[in-house]
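J.: Sharing final_28.cif, mmCIF, C-alpha atoms:
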data_input
#
loop_
_atom_site.label_atom_id
_atom_site.label_comp_id
_atom_site.auth_asym_id
_atom_site.auth_seq_id
_atom_site.Cartn_x
_atom_site.Cartn_y
_atom_site.Cartn_z
CA MET A 1 14.10 74.96 33.35
CA SER A 2 14.56 74.74 37.09
CA SER A 3 11.84 75.76 39.53
CA SER A 4 14.02 78.59 40.90
CA ILE A 5 14.36 80.11 37.41
CA ARG A 6 10.63 79.72 36.70
CA SER A 7 9.75 81.46 39.97
CA CYS A 8 12.10 84.33 39.09
CA LEU A 9 10.53 84.62 35.65
CA ARG A 10 7.02 84.65 37.13
CA LEU A 11 8.03 87.33 39.61
CA SER A 12 9.68 89.47 36.95
CA SER A 13 6.81 88.94 34.50
CA SER A 14 4.13 89.93 37.00
CA ARG A 15 6.02 93.11 37.86
CA THR A 16 6.54 93.86 34.16
CA LEU A 17 2.84 93.48 33.37
CA ARG A 18 1.89 95.92 36.10
CA THR A 19 4.26 98.60 34.77
CA VAL A 20 3.20 98.80 31.11
CA PRO A 21 0.13 100.42 29.46
CA ARG A 22 -3.00 98.30 29.27
CA ALA A 23 -2.73 97.67 25.52
CA GLN A 24 0.79 96.32 25.81
CA ARG A 25 -0.25 94.31 28.85
CA TYR A 26 -3.07 92.72 26.87
CA LEU A 27 -0.68 91.57 24.12
CA LEU A 28 1.71 90.06 26.65
CA GLN A 29 -1.14 88.30 28.41
CA GLN A 30 -2.44 86.90 25.12
CA ARG A 31 0.99 85.39 24.37
CA ARG A 32 0.85 83.67 27.71
CA GLY A 33 -2.69 82.47 27.18
CA ILE A 34 -4.25 84.70 29.86
CA GLN A 35 -7.90 85.55 29.05
CA THR A 36 -8.67 89.25 29.64
CA PRO A 37 -11.08 91.73 28.04
CA PRO A 38 -9.53 93.58 25.05
CA PRO A 39 -8.62 97.25 25.48
CA ASN A 40 -10.99 99.94 24.20
CA PRO A 41 -10.49 100.57 20.44
CA LYS A 42 -9.07 103.93 19.56
CA GLY A 43 -11.94 104.77 17.14
CA ASP A 44 -14.72 104.25 19.66
CA PRO A 45 -15.76 107.69 21.00
CA THR A 46 -18.07 106.03 23.51
CA ALA A 47 -15.18 104.17 25.02
CA ARG A 48 -13.13 107.35 25.32
CA LYS A 49 -15.94 108.99 27.21
CA SER A 50 -16.49 106.02 29.53
CA ALA A 51 -12.83 105.45 30.39
CA ALA A 52 -9.97 107.80 31.08
CA PRO A 53 -6.78 107.16 29.07
CA LEU A 54 -4.18 104.97 30.85
CA LYS A 55 -0.91 106.59 31.79
CA PRO A 56 2.28 104.49 31.72
CA VAL A 57 3.98 103.88 35.07
CA PRO A 58 7.25 105.82 35.30
CA PHE A 59 10.45 103.89 34.70
CA ALA A 60 8.61 100.82 33.32
CA LYS A 61 11.20 100.21 30.61
CA THR A 62 13.97 100.48 33.17
CA ARG A 63 12.33 97.80 35.35
CA ILE A 64 11.91 95.48 32.39
CA VAL A 65 15.56 95.82 31.51
CA VAL A 66 16.66 95.20 35.12
CA GLY A 67 14.45 92.10 35.37
CA VAL A 68 15.81 90.67 32.13
CA ILE A 69 19.41 91.33 33.18
CA PHE A 70 18.81 89.70 36.56
CA ILE A 71 17.30 86.56 35.03
CA GLY A 72 20.11 86.39 32.51
CA LEU A 73 22.76 86.61 35.19
CA LEU A 74 20.95 83.96 37.27
CA ILE A 75 20.78 81.52 34.35
CA ARG A 76 24.44 82.12 33.47
CA SER A 77 25.49 81.62 37.09
CA MET A 78 23.62 78.35 37.37
CA ALA A 79 24.97 77.12 34.03
CA THR A 80 28.62 77.95 34.69
CA GLU A 81 28.88 77.24 38.45
CA GLU A 82 31.04 74.22 39.37
CA PRO A 83 29.09 71.28 40.82
CA ALA A 84 29.01 71.23 44.64
CA LYS A 85 31.58 68.85 46.03
CA LEU A 86 29.94 66.13 48.12
CA ASP A 87 31.66 65.06 51.32
CA ALA A 88 33.41 61.72 50.99
CA PRO A 89 31.61 58.91 52.85
CA THR A 90 32.88 58.31 56.35
CA ILE A 91 34.57 55.06 57.33
CA ALA A 92 31.44 54.13 59.27
CA GLU A 93 29.28 54.71 56.18
CA ARG A 94 31.63 52.66 53.98
CA ASP A 95 31.63 49.82 56.49
CA SER A 96 27.84 49.88 56.75
CA LEU A 97 27.53 49.70 52.96
CA ALA A 98 30.06 46.84 52.74
CA LYS A 99 28.12 44.81 55.33
CA ARG A 100 24.85 45.33 53.46
CA GLU A 101 26.27 44.46 50.05
CA SER A 102 28.54 41.51 50.78
CA GLY A 103 28.37 40.72 54.50
CA VAL A 104 31.53 39.97 56.48
CA THR A 105 34.05 37.55 55.00
CA GLU A 106 37.65 36.56 55.71
CA ASN A 107 38.66 39.25 53.21
CA SER A 108 36.80 42.02 55.05
CA PRO A 109 38.74 44.64 57.04
CA MET A 110 39.78 43.42 60.48
CA ARG A 111 37.45 45.87 62.18
CA LEU A 112 34.42 44.21 60.56
CA ARG A 113 35.67 40.71 61.34
CA MET A 114 36.24 41.61 65.00
CA GLU A 115 32.78 43.16 65.24
CA ASP A 116 31.19 40.06 63.71
CA PHE A 117 33.14 37.72 66.02
CA ILE A 118 32.26 39.45 69.30
CA LYS A 119 28.57 39.61 68.31
CA GLN A 120 28.56 35.85 67.82
CA GLN A 121 30.33 35.29 71.16
CA GLN A 122 27.91 37.59 72.98
CA LYS A 123 24.96 35.49 71.80
CA GLU A 124 26.62 32.24 72.88
CA ILE A 125 27.58 33.54 76.33
CA VAL A 126 24.16 35.09 77.02
CA LYS A 127 22.40 31.88 75.97
CA GLU A 128 24.55 29.79 78.33
CA LEU A 129 24.13 32.17 81.27
CA GLU A 130 20.36 32.33 80.81
CA ALA A 131 20.23 28.53 80.96
CA ILE A 132 22.09 28.62 84.30
CA ASP A 133 20.11 31.48 85.87
CA GLY A 134 16.64 30.72 84.55
CA LYS A 135 15.94 34.38 83.79
CA LYS A 136 16.34 36.32 80.56
CA PHE A 137 18.77 39.16 79.93
CA ARG A 138 17.44 42.57 79.01
CA ILE A 139 18.79 43.40 75.55
CA ASP A 140 19.31 47.06 74.58
CA THR A 141 20.55 47.91 71.10
CA TRP A 142 21.84 51.45 70.65
CA THR A 143 23.57 53.52 68.01
CA ARG A 144 26.12 56.31 68.05
CA GLU A 145 25.72 59.57 66.13
CA ASN A 146 29.07 59.24 64.32
CA GLY A 147 28.64 55.56 63.50
CA GLY A 148 28.69 52.33 65.40
CA GLY A 149 26.75 51.55 68.53
CA GLY A 150 26.38 48.49 70.69
CA ILE A 151 24.29 45.81 72.31
CA SER A 152 23.96 45.83 76.09
CA SER A 153 22.76 42.56 77.64
CA VAL A 154 22.08 42.93 81.36
CA LEU A 155 20.47 40.67 83.97
CA GLN A 156 19.62 42.00 87.44
CA ASP A 157 18.19 40.27 90.52
CA GLY A 158 18.47 36.86 88.93
CA ASN A 159 18.35 33.48 90.60
CA VAL A 160 22.11 32.93 90.29
CA PHE A 161 23.45 36.33 89.27
CA GLU A 162 22.70 39.42 91.31
CA LYS A 163 23.96 41.39 88.32
CA ALA A 164 25.42 40.23 85.02
CA GLY A 165 26.35 42.23 81.96
CA VAL A 166 27.61 41.08 78.58
CA ASN A 167 28.09 44.13 76.37
CA ILE A 168 29.58 44.88 72.99
CA SER A 169 30.52 48.34 71.81
CA ILE A 170 31.47 49.56 68.33
CA VAL A 171 32.95 53.07 68.21
CA TYR A 172 33.91 55.31 65.28
CA GLY A 173 35.42 58.58 66.39
CA THR A 174 38.20 61.14 66.21
CA LEU A 175 41.16 61.31 68.55
CA PRO A 176 42.25 64.79 69.72
CA ARG A 177 45.90 65.78 69.80
CA PRO A 178 46.51 64.87 73.51
CA ALA A 179 45.18 61.34 72.95
CA ILE A 180 47.36 60.94 69.86
CA GLU A 181 50.48 61.90 71.82
CA LYS A 182 49.71 59.27 74.48
CA MET A 183 49.16 56.54 71.90
CA ARG A 184 52.36 57.32 70.04
CA VAL A 185 54.30 56.10 73.08
CA ASN A 186 53.40 52.51 72.13
CA HIS A 187 52.51 52.97 68.45
CA LYS A 188 55.13 54.83 66.42
CA ALA A 189 53.22 54.29 63.17
CA ILE A 190 50.90 57.13 64.18
CA ASP A 191 51.92 60.41 62.51
CA ALA A 192 53.45 62.78 65.06
CA ASP A 193 52.37 65.94 63.23
CA ILE A 194 48.62 65.44 62.81
CA GLN A 195 46.15 67.31 64.99
CA SER A 196 43.33 64.75 64.90
CA LEU A 197 42.95 61.14 63.80
CA ASP A 198 39.96 58.94 63.01
CA PHE A 199 39.78 55.71 65.00
CA PHE A 200 37.72 52.55 65.34
CA ALA A 201 37.28 50.44 68.46
CA ALA A 202 35.33 47.25 69.04
CA GLY A 203 35.13 45.18 72.19
CA LEU A 204 33.18 42.71 74.27
CA SER A 205 33.10 43.39 78.00
CA MET A 206 31.52 41.16 80.62
CA VAL A 207 31.17 41.14 84.40
CA LEU A 208 29.22 38.55 86.43
CA HIS A 209 28.39 39.17 90.10
CA PRO A 210 26.77 36.04 91.59
CA VAL A 211 24.31 36.08 94.49
CA ASN A 212 26.13 33.36 96.42
CA PRO A 213 29.31 34.58 98.16
CA MET A 214 30.90 31.18 97.51
CA ALA A 215 30.70 31.80 93.76
CA PRO A 216 33.37 34.15 92.36
CA THR A 217 32.89 37.32 90.36
CA VAL A 218 34.47 37.12 86.90
CA HIS A 219 35.48 39.82 84.45
CA LEU A 220 36.34 39.57 80.76
CA ASN A 221 37.20 42.05 78.04
CA TYR A 222 38.62 41.57 74.54
CA ARG A 223 39.00 44.52 72.20
CA TYR A 224 40.45 45.72 68.91
CA PHE A 225 41.57 49.28 68.16
CA GLU A 226 42.81 50.90 64.98
CA THR A 227 43.49 54.37 63.67
CA GLU A 228 42.44 55.16 60.13
CA ASN A 229 43.98 56.62 57.02
CA PRO A 230 41.64 58.88 54.99
CA ASP A 231 40.96 56.01 52.54
CA GLY A 232 39.72 53.74 55.34
CA THR A 233 42.81 51.53 55.62
CA ALA A 234 44.35 50.91 59.04
CA ASN A 235 47.12 53.29 60.06
CA ALA A 236 47.95 51.55 63.33
CA TRP A 237 46.20 48.60 65.01
CA TRP A 238 46.38 46.57 68.19
CA PHE A 239 44.49 44.02 70.29
CA GLY A 240 43.98 44.01 74.03
CA GLY A 241 42.05 42.13 76.66
CA GLY A 242 42.02 39.45 79.29
CA THR A 243 39.96 37.81 82.00
CA ASP A 244 40.31 37.53 85.77
CA LEU A 245 38.62 35.85 88.72
CA THR A 246 37.60 37.68 91.91
CA PRO A 247 36.34 35.37 94.66
CA SER A 248 35.13 36.35 98.11
CA TYR A 249 35.97 32.87 99.39
CA LEU A 250 38.91 31.08 97.89
CA PHE A 251 38.65 27.51 96.59
CA ASP A 252 42.04 26.43 95.28
CA GLU A 253 40.56 23.95 92.80
CA ASP A 254 38.53 26.76 91.20
CA ALA A 255 41.61 28.95 90.83
CA ILE A 256 43.57 26.08 89.32
CA HIS A 257 40.83 25.16 86.84
CA PHE A 258 40.34 28.76 85.74
CA HIS A 259 44.03 29.40 85.12
CA LYS A 260 44.67 26.00 83.52
CA THR A 261 41.91 26.57 80.93
CA ILE A 262 43.24 29.99 80.03
CA LYS A 263 46.81 28.69 79.85
CA GLU A 264 45.76 26.02 77.34
CA ALA A 265 44.25 28.72 75.12
CA CYS A 266 47.44 30.80 75.33
CA ASP A 267 49.78 27.86 74.72
CA LYS A 268 48.17 27.18 71.33
CA HIS A 269 49.75 30.41 70.11
CA ASP A 270 52.84 31.08 72.22
CA LYS A 271 54.19 29.27 75.29
CA ASP A 272 55.41 32.58 76.70
CA TYR A 273 51.99 34.22 76.58
CA PHE A 274 50.48 32.78 79.77
CA PRO A 275 53.29 33.52 82.27
CA ARG A 276 53.81 36.92 80.70
CA PHE A 277 50.15 37.92 80.69
CA LYS A 278 49.43 36.40 84.13
CA ALA A 279 52.12 38.65 85.62
CA TRP A 280 50.66 41.61 83.70
CA CYS A 281 47.22 40.81 85.13
CA ASP A 282 48.51 40.74 88.72
CA LYS A 283 50.21 44.08 88.15
CA TYR A 284 47.33 45.79 86.35
CA PHE A 285 44.38 44.76 88.57
CA TYR A 286 45.99 46.15 91.69
CA ASN A 287 44.45 48.53 94.22
CA LYS A 288 47.50 50.62 95.06
CA HIS A 289 45.76 52.50 97.84
CA ARG A 290 44.85 49.14 99.49
CA ASN A 291 48.13 47.38 98.73
CA GLU A 292 46.28 44.36 97.37
CA SER A 293 45.12 42.87 94.06
CA ARG A 294 41.50 43.10 93.00
CA GLY A 295 41.30 39.33 92.45
CA ILE A 296 43.40 36.17 92.23
CA GLY A 297 44.55 36.66 88.66
CA GLY A 298 43.99 35.54 85.11
CA ILE A 299 45.56 37.19 82.08
CA PHE A 300 45.79 40.75 80.82
CA PHE A 301 47.44 42.19 77.71
CA ASP A 302 47.29 45.40 75.73
CA ASP A 303 48.80 47.05 72.65
CA LEU A 304 49.59 43.78 70.84
CA ASP A 305 50.42 45.03 67.34
CA GLU A 306 52.69 44.16 64.40
CA HIS A 307 55.73 44.25 66.67
CA GLU A 308 54.31 41.24 68.53
CA LYS A 309 52.93 39.11 65.69
CA ASP A 310 51.06 39.76 62.47
CA GLN A 311 47.43 40.79 62.57
CA GLU A 312 45.96 37.40 61.64
CA ASN A 313 47.88 35.53 64.33
CA THR A 314 47.02 38.08 66.99
CA PHE A 315 43.34 37.97 66.03
CA ALA A 316 43.43 34.17 66.28
CA PHE A 317 44.96 34.44 69.77
CA ALA A 318 42.23 36.83 70.94
CA GLN A 319 39.59 34.48 69.52
CA SER A 320 41.01 31.49 71.41
CA CYS A 321 41.05 33.39 74.69
CA LEU A 322 37.46 34.59 74.34
CA LYS A 323 36.22 31.13 73.36
CA ALA A 324 37.91 29.74 76.49
CA PHE A 325 35.66 31.71 78.84
CA LEU A 326 32.71 29.32 79.03
CA PRO A 327 34.81 26.21 79.79
CA SER A 328 36.88 28.18 82.32
CA TYR A 329 33.94 29.55 84.37
CA ILE A 330 30.77 27.50 83.85
CA PRO A 331 32.01 24.47 85.85
CA ILE A 332 32.87 26.81 88.74
CA ILE A 333 29.53 28.61 88.88
CA ASN A 334 27.61 25.35 88.61
CA LYS A 335 29.58 23.95 91.56
CA ARG A 336 29.18 27.01 93.83
CA LYS A 337 25.84 28.64 93.02
CA ASP A 338 23.74 26.50 95.41
CA MET A 339 26.18 26.19 98.32
CA PRO A 340 24.83 27.27 101.75
CA TYR A 341 26.16 30.49 103.27
CA THR A 342 25.64 32.65 106.34
CA GLU A 343 24.71 36.30 106.76
CA LYS A 344 28.25 37.02 107.91
CA GLU A 345 29.65 35.48 104.73
CA LYS A 346 27.27 37.64 102.67
CA GLU A 347 28.56 40.72 104.51
CA TRP A 348 32.14 39.79 103.60
CA GLN A 349 31.11 39.51 99.96
CA GLN A 350 29.73 43.06 100.13
CA ILE A 351 33.02 44.35 101.54
CA ARG A 352 35.01 42.67 98.77
CA ARG A 353 32.67 44.16 96.21
CA GLY A 354 33.45 47.58 97.64
CA ARG A 355 37.11 46.96 96.79
CA TYR A 356 36.03 45.93 93.29
CA VAL A 357 34.23 49.25 92.84
CA GLU A 358 37.27 51.17 94.08
CA PHE A 359 39.50 49.68 91.42
CA ASN A 360 37.02 50.23 88.58
CA LEU A 361 36.42 53.88 89.39
CA VAL A 362 39.91 54.86 90.48
CA HIS A 363 42.40 52.82 88.45
CA ASP A 364 40.76 51.14 85.46
CA ARG A 365 41.86 52.72 82.16
CA GLY A 366 38.94 51.20 80.23
CA THR A 367 36.38 52.92 82.46
CA ALA A 368 38.22 56.24 82.17
CA PHE A 369 38.48 55.93 78.36
CA GLY A 370 34.80 55.10 78.05
CA LEU A 371 33.59 57.96 80.24
CA ASN A 372 35.81 60.44 78.37
CA THR A 373 34.64 59.33 74.92
CA PRO A 374 32.17 61.83 73.36
CA SER A 375 28.55 60.58 73.36
CA ALA A 376 29.51 57.76 75.72
CA ARG A 377 26.74 55.45 76.94
CA VAL A 378 27.36 55.75 80.66
CA GLU A 379 24.94 52.99 81.69
CA SER A 380 26.85 50.46 79.60
CA ILE A 381 30.24 51.61 80.91
CA LEU A 382 29.18 51.37 84.56
CA MET A 383 27.52 48.01 83.98
CA SER A 384 30.61 46.45 85.60
CA LEU A 385 29.69 47.76 89.05
CA PRO A 386 27.88 45.37 91.40
CA LEU A 387 24.27 45.93 92.36
CA THR A 388 25.24 46.06 96.05
CA ALA A 389 28.45 46.76 97.96
CA SER A 390 29.51 48.07 101.36
CA TRP A 391 32.31 49.92 103.10
CA ARG A 392 32.95 49.29 106.79
CA TYR A 393 35.20 51.61 108.69
CA MET A 394 38.55 50.03 109.67
CA TYR A 395 37.30 46.51 109.05
CA GLU A 396 39.84 43.70 109.49
CA PRO A 397 39.10 39.97 109.10
CA GLU A 398 39.84 37.60 111.96
CA LYS A 399 43.33 36.08 111.96
CA GLY A 400 43.40 32.51 110.68
CA SER A 401 39.95 32.87 109.07
CA ARG A 402 39.03 32.06 105.46
CA GLU A 403 38.57 35.77 104.90
CA GLN A 404 42.12 36.46 106.09
CA ARG A 405 43.52 33.75 103.81
CA LEU A 406 41.98 35.49 100.80
CA VAL A 407 43.53 38.83 101.81
CA ASP A 408 46.93 37.14 102.19
CA VAL A 409 46.72 35.77 98.62
CA LEU A 410 45.62 39.16 97.29
CA ARG A 411 48.68 40.76 98.84
CA GLU A 412 51.02 38.03 97.59
CA PRO A 413 49.68 36.73 94.22
CA LYS A 414 50.13 32.99 93.62
CA GLU A 415 51.02 30.97 90.56
CA TRP A 416 48.12 28.55 90.21
CA VAL A 417 49.49 26.43 87.35
#
How does this structure look as C-alpha cells?

T.:
Amino acid sequence: MSSSIRSCLRLSSSRTLRTVPRAQRYLLQQRRGIQTPPPNPKGDPTARKSAAPLKPVPFAKTRIVVGVIFIGLLIRSMATEEPAKLDAPTIAERDSLAKRESGVTENSPMRLRMEDFIKQQQKEIVKELEAIDGKKFRIDTWTRENGGGGISSVLQDGNVFEKAGVNISIVYGTLPRPAIEKMRVNHKAIDADIQSLDFFAAGLSMVLHPVNPMAPTVHLNYRYFETENPDGTANAWWFGGGTDLTPSYLFDEDAIHFHKTIKEACDKHDKDYFPRFKAWCDKYFYNKHRNESRGIGGIFFDDLDEHEKDQENTFAFAQSCLKAFLPSYIPIINKRKDMPYTEKEKEWQQIRRGRYVEFNLVHDRGTAFGLNTPSARVESILMSLPLTASWRYMYEPEKGSREQRLVDVLREPKEWV
C-alpha cells in the first residue's frame, strides 16, 4: 500500500476513533494493537458512580461512512489512472548517453563526430601556441542549460600574443519562426509550415592578436549546423568556415605562404574551391563603411550542404582546412614575433585593430548570431576583439609609406597564388 493511502487511512482512522463511544473505541484500538485501559464494566456500580456515562458524538456514523467512501475512491483512482507519460529524451540527452555508452565512432551522427574533431584540434592548436608564447592558456569549461556547452581557451598579455583565443562551442537549441524563414532561403529541406525547429551547432573559432605589429592577426572558424527531426535525425545540415590573415604591415612572402597552404588543402577536394572561396572571403570580410577589406584574404564558405557534395566529403574538406592552419601560420609568427618595431608602428597597429573591431561588431554574422542566441556566453563571443585598439580622427597614412601600401591592397584585393 502506498504511503499516500496509509496516511489517508491513519487520518480517517484517528477521526473515526474520536467520534465513537469509548467501548467501541477500545475494541478498534485492540484490533490495531493499541494498549489502553478497558472501559468500565456495566455491572460495576462503583464505576458508574465514579464516571459519567459517555455520550456518542453526533453524526459519528456519517463521518465513518464518508471516510470509507473517500479512501475507496482514492484507491480506485490510483488503481485505474493511466501511467503518467514521461517526456521523450531530448537530442542533447540522447547524444550524451550515446557518448557515455559507446564513445564517438565513424558510425556516430555527424554532430558528434564534428564535436569530437574540433575538440582534438583545439588541444593541438593550444599546445602549439603555448610552446611559441611560453605562457599557458586559461581554460574555461562551461555548459548550457538546454544541452551542450563549450571550452574557452584564452591567453592575455603573453610574450608573443597580446590576446589569443581558441574556443569551441556546442549548442542545442530551438529556432523561432523568423530564423526558420531566413534559413529556408538556402535550405529548402526545412519545413515551411513549422513554427519552431530544434537545431544543433558546433564550431571552433580562433583569433590571435600578436604583440609585435610586424606579426599579422589571424582568424579561423569552422562550424557545422543541422536542424533536427523529432527522432534526432538530421533534417537539414551544412558546413561553413574559413580563415583569413590581417596584417598591419604587409610582407608579400607571408601572404603567399598563407594562401598557398590553404589552396593545397582545398585542391585535395575540388580545384574550384580555392578561387571560389578566396573571392567569397574578400567579399565577406569587407568594411563597407570604410570601403576596404578587413584583411588580405584567405577563404570563406557557408551553407555547404547536399547540393554541394555529400556529407562525408564536405566533412573531409572542413577537416583538411582546419588541419592546414598550423602549417599556414606558425612559420609566419615565428619569423615576425621578434622583429624590432617603433612606437609609431605600434600606433598604426592599434588603428588597424580599430578597423578589425568595426567589422566584428557591425558586419559579422557570426557575432550577431551568437549574441542573439538565448543563454549566450558573451565573453566567449567577444573573445575575438583585441585587448587594445584606437581610433584617430581623420587619420590618413603618408603617401608612399608601408602603411599606405597596405591600405591600397585592402581597397583592391590581390590574388596571392

J.: A:Ile91, A:Ala255, A:Glu415, A:Asn313: which is nearest A:Asp282, counting all atoms listed in the file?

T.: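 Under the stated criterion, the closest residue is A:Glu415.
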
J.: Using atom CA of A:Val207 and atom CA of A:Lys268 as the two end points, give the distance in Å to one decimal.

T.: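 Going from atom CA of A:Val207 over to atom CA of A:Lys268, I get 25.6 Å.
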
J.: With distances taken over only C-alpha atoms, which of A:Ala201, A:Pro247, A:Ile351, A:Asp272 is nearest to A:Tyr393?

T.: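 Nearest candidate to A:Tyr393 out of A:Ala201, A:Pro247, A:Ile351, A:Asp272: A:Ile351.
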
J.: Sort by chain and increasing residue number a table of all residues of stretch 113-165 of chain A within 12 Å of stretch 365-374 of chain A, each with its closest pair of atoms and their distance in Å to one decimal, counting all atoms listed in the file, and write it as a Markdown table.

T.:
| residue | atom | partner | partner_atom | distance |
| --- | --- | --- | --- | --- |
| A:Arg144 | CA | A:Pro374 | CA | 9.8 |
| A:Glu145 | CA | A:Pro374 | CA | 9.9 |
| A:Asn146 | CA | A:Pro374 | CA | 9.9 |

J.: To one decimal in Å, tell me the separation between atom CA of A:Ser102 and atom CA of A:Gly147.

T.: 19.0 Å

J.: Restricting the calculation to all atoms listed in the file, which member of A:Leu382, A:Val218, A:Ile299, A:Val407 is positioned closest to A:Asp364?

T.: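 Checking each candidate against A:Asp364, we get A:Leu382 as the closest.
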
J.: Care to translate the PyMOL selection byres ((chain A and resi 175) around 8) into actual residues of this file, as a list of chain:residue names?

T.: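 Output from the PyMOL selection byres ((chain A and resi 175) around 8), applied to this file: A:Gly173, A:Thr174, A:Pro176, A:Arg177, A:Ala179, A:Ile180, A:Ser196, A:Leu197, A:Asp198, A:Phe199.
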
J.: Please report the interatomic distance between atom CA of A:Glu358 and atom CA of A:Arg336 in Å with one decimal.

T.: 25.5 Å

J.: Would you kindly return, as an MDAnalysis selection string, each protein, DNA or RNA residue with an atom no farther than 6 Å from any atom of stretch 285-292 of chain A, considering only C-alpha atoms and excluding same-chain residues fewer than 3 positions away?

T.: chainID A and resid 281:282 359 410:411

J.: Nearest to A:Ile125 among A:Met394, A:Val378, A:Ala324, A:Leu250, with distances taken over only C-alpha atoms: which residue is it?

T.: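 Of the candidates, the smallest distance to A:Ile125 is held by A:Ala324.
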
J.: Can you tell me, as a list of chain:residue names, what residues are no more than 10 Å from A:Glu312 when counting all atoms listed in the file, ignoring any on the same chain fewer than 5 positions away?

T.: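 Once the adjacent positions are removed, what remains is A:Met110, A:Glu306, A:Phe317.
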
J.: Evaluating the PyMOL selection byres ((chain A and resi 135) around 8) on the displayed file yields which residues, as JSON, numbers by chain?

T.: {"A": [130, 131, 133, 134, 136, 137, 155, 158, 159]}

J.: Would you mind exporting the chosen residues as a PDB file, keeping the file's coordinate frame, restricted to C-alpha atoms?

T.:
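Saved result, part07.pdb, follows:
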ATOM      1  CA  GLU A 130      20.360  32.330  80.810  1.00  0.00           C
ATOM      2  CA  ALA A 131      20.230  28.530  80.960  1.00  0.00           C
ATOM      3  CA  ASP A 133      20.110  31.480  85.870  1.00  0.00           C
ATOM      4  CA  GLY A 134      16.640  30.720  84.550  1.00  0.00           C
ATOM      5  CA  LYS A 136      16.340  36.320  80.560  1.00  0.00           C
ATOM      6  CA  PHE A 137      18.770  39.160  79.930  1.00  0.00           C
ATOM      7  CA  LEU A 155      20.470  40.670  83.970  1.00  0.00           C
ATOM      8  CA  GLY A 158      18.470  36.860  88.930  1.00  0.00           C
ATOM      9  CA  ASN A 159      18.350  33.480  90.600  1.00  0.00           C
TER      10      ASN A 159
END

J.: If you apply the PyMOL selection byres ((chain A and resi 161-170) around 8) to this file, what residues do you get, as a CSV table (one decimal) with C-alpha atoms, keeping the file's coordinate frame?

T.:
chain,number,residue,atom,x,y,z
A,115,GLU,CA,32.8,43.2,65.2
A,118,ILE,CA,32.3,39.4,69.3
A,119,LYS,CA,28.6,39.6,68.3
A,122,GLN,CA,27.9,37.6,73.0
A,125,ILE,CA,27.6,33.5,76.3
A,126,VAL,CA,24.2,35.1,77.0
A,133,ASP,CA,20.1,31.5,85.9
A,148,GLY,CA,28.7,52.3,65.4
A,149,GLY,CA,26.8,51.6,68.5
A,150,GLY,CA,26.4,48.5,70.7
A,151,ILE,CA,24.3,45.8,72.3
A,152,SER,CA,24.0,45.8,76.1
A,153,SER,CA,22.8,42.6,77.6
A,154,VAL,CA,22.1,42.9,81.4
A,155,LEU,CA,20.5,40.7,84.0
A,156,GLN,CA,19.6,42.0,87.4
A,157,ASP,CA,18.2,40.3,90.5
A,158,GLY,CA,18.5,36.9,88.9
A,159,ASN,CA,18.4,33.5,90.6
A,160,VAL,CA,22.1,32.9,90.3
A,171,VAL,CA,33.0,53.1,68.2
A,172,TYR,CA,33.9,55.3,65.3
A,200,PHE,CA,37.7,52.6,65.3
A,201,ALA,CA,37.3,50.4,68.5
A,202,ALA,CA,35.3,47.2,69.0
A,203,GLY,CA,35.1,45.2,72.2
A,204,LEU,CA,33.2,42.7,74.3
A,205,SER,CA,33.1,43.4,78.0
A,206,MET,CA,31.5,41.2,80.6
A,207,VAL,CA,31.2,41.1,84.4
A,208,LEU,CA,29.2,38.6,86.4
A,209,HIS,CA,28.4,39.2,90.1
A,210,PRO,CA,26.8,36.0,91.6
A,211,VAL,CA,24.3,36.1,94.5
A,380,SER,CA,26.8,50.5,79.6
A,383,MET,CA,27.5,48.0,84.0
A,384,SER,CA,30.6,46.4,85.6
A,386,PRO,CA,27.9,45.4,91.4
A,387,LEU,CA,24.3,45.9,92.4

J.: Using only C-alpha atoms for the distances, tell me which of A:Pro109, A:Leu361, A:Gly295, A:Asp302 is nearest to A:Gly240.

T.: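 Counting only C-alpha atoms, the residue closest to A:Gly240 is A:Asp302.
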
J.: Given all atoms listed in the file as the basis, pick out the residue of A:Cys321, A:Ala88, A:Val362, A:Ile132 nearest to A:Lys263.

T.: A:Cys321

J.: Take every atom of stretch 346-353 of chain A listed in the file, pad by 3 Å on each side, and give me the axis-aligned box centre and edge lengths in Å, one decimal, as lines of an AutoDock Vina configuration file.

T.:
center_x = 31.1
center_y = 41.0
center_z = 100.4
size_x = 13.7
size_y = 12.7
size_z = 14.3
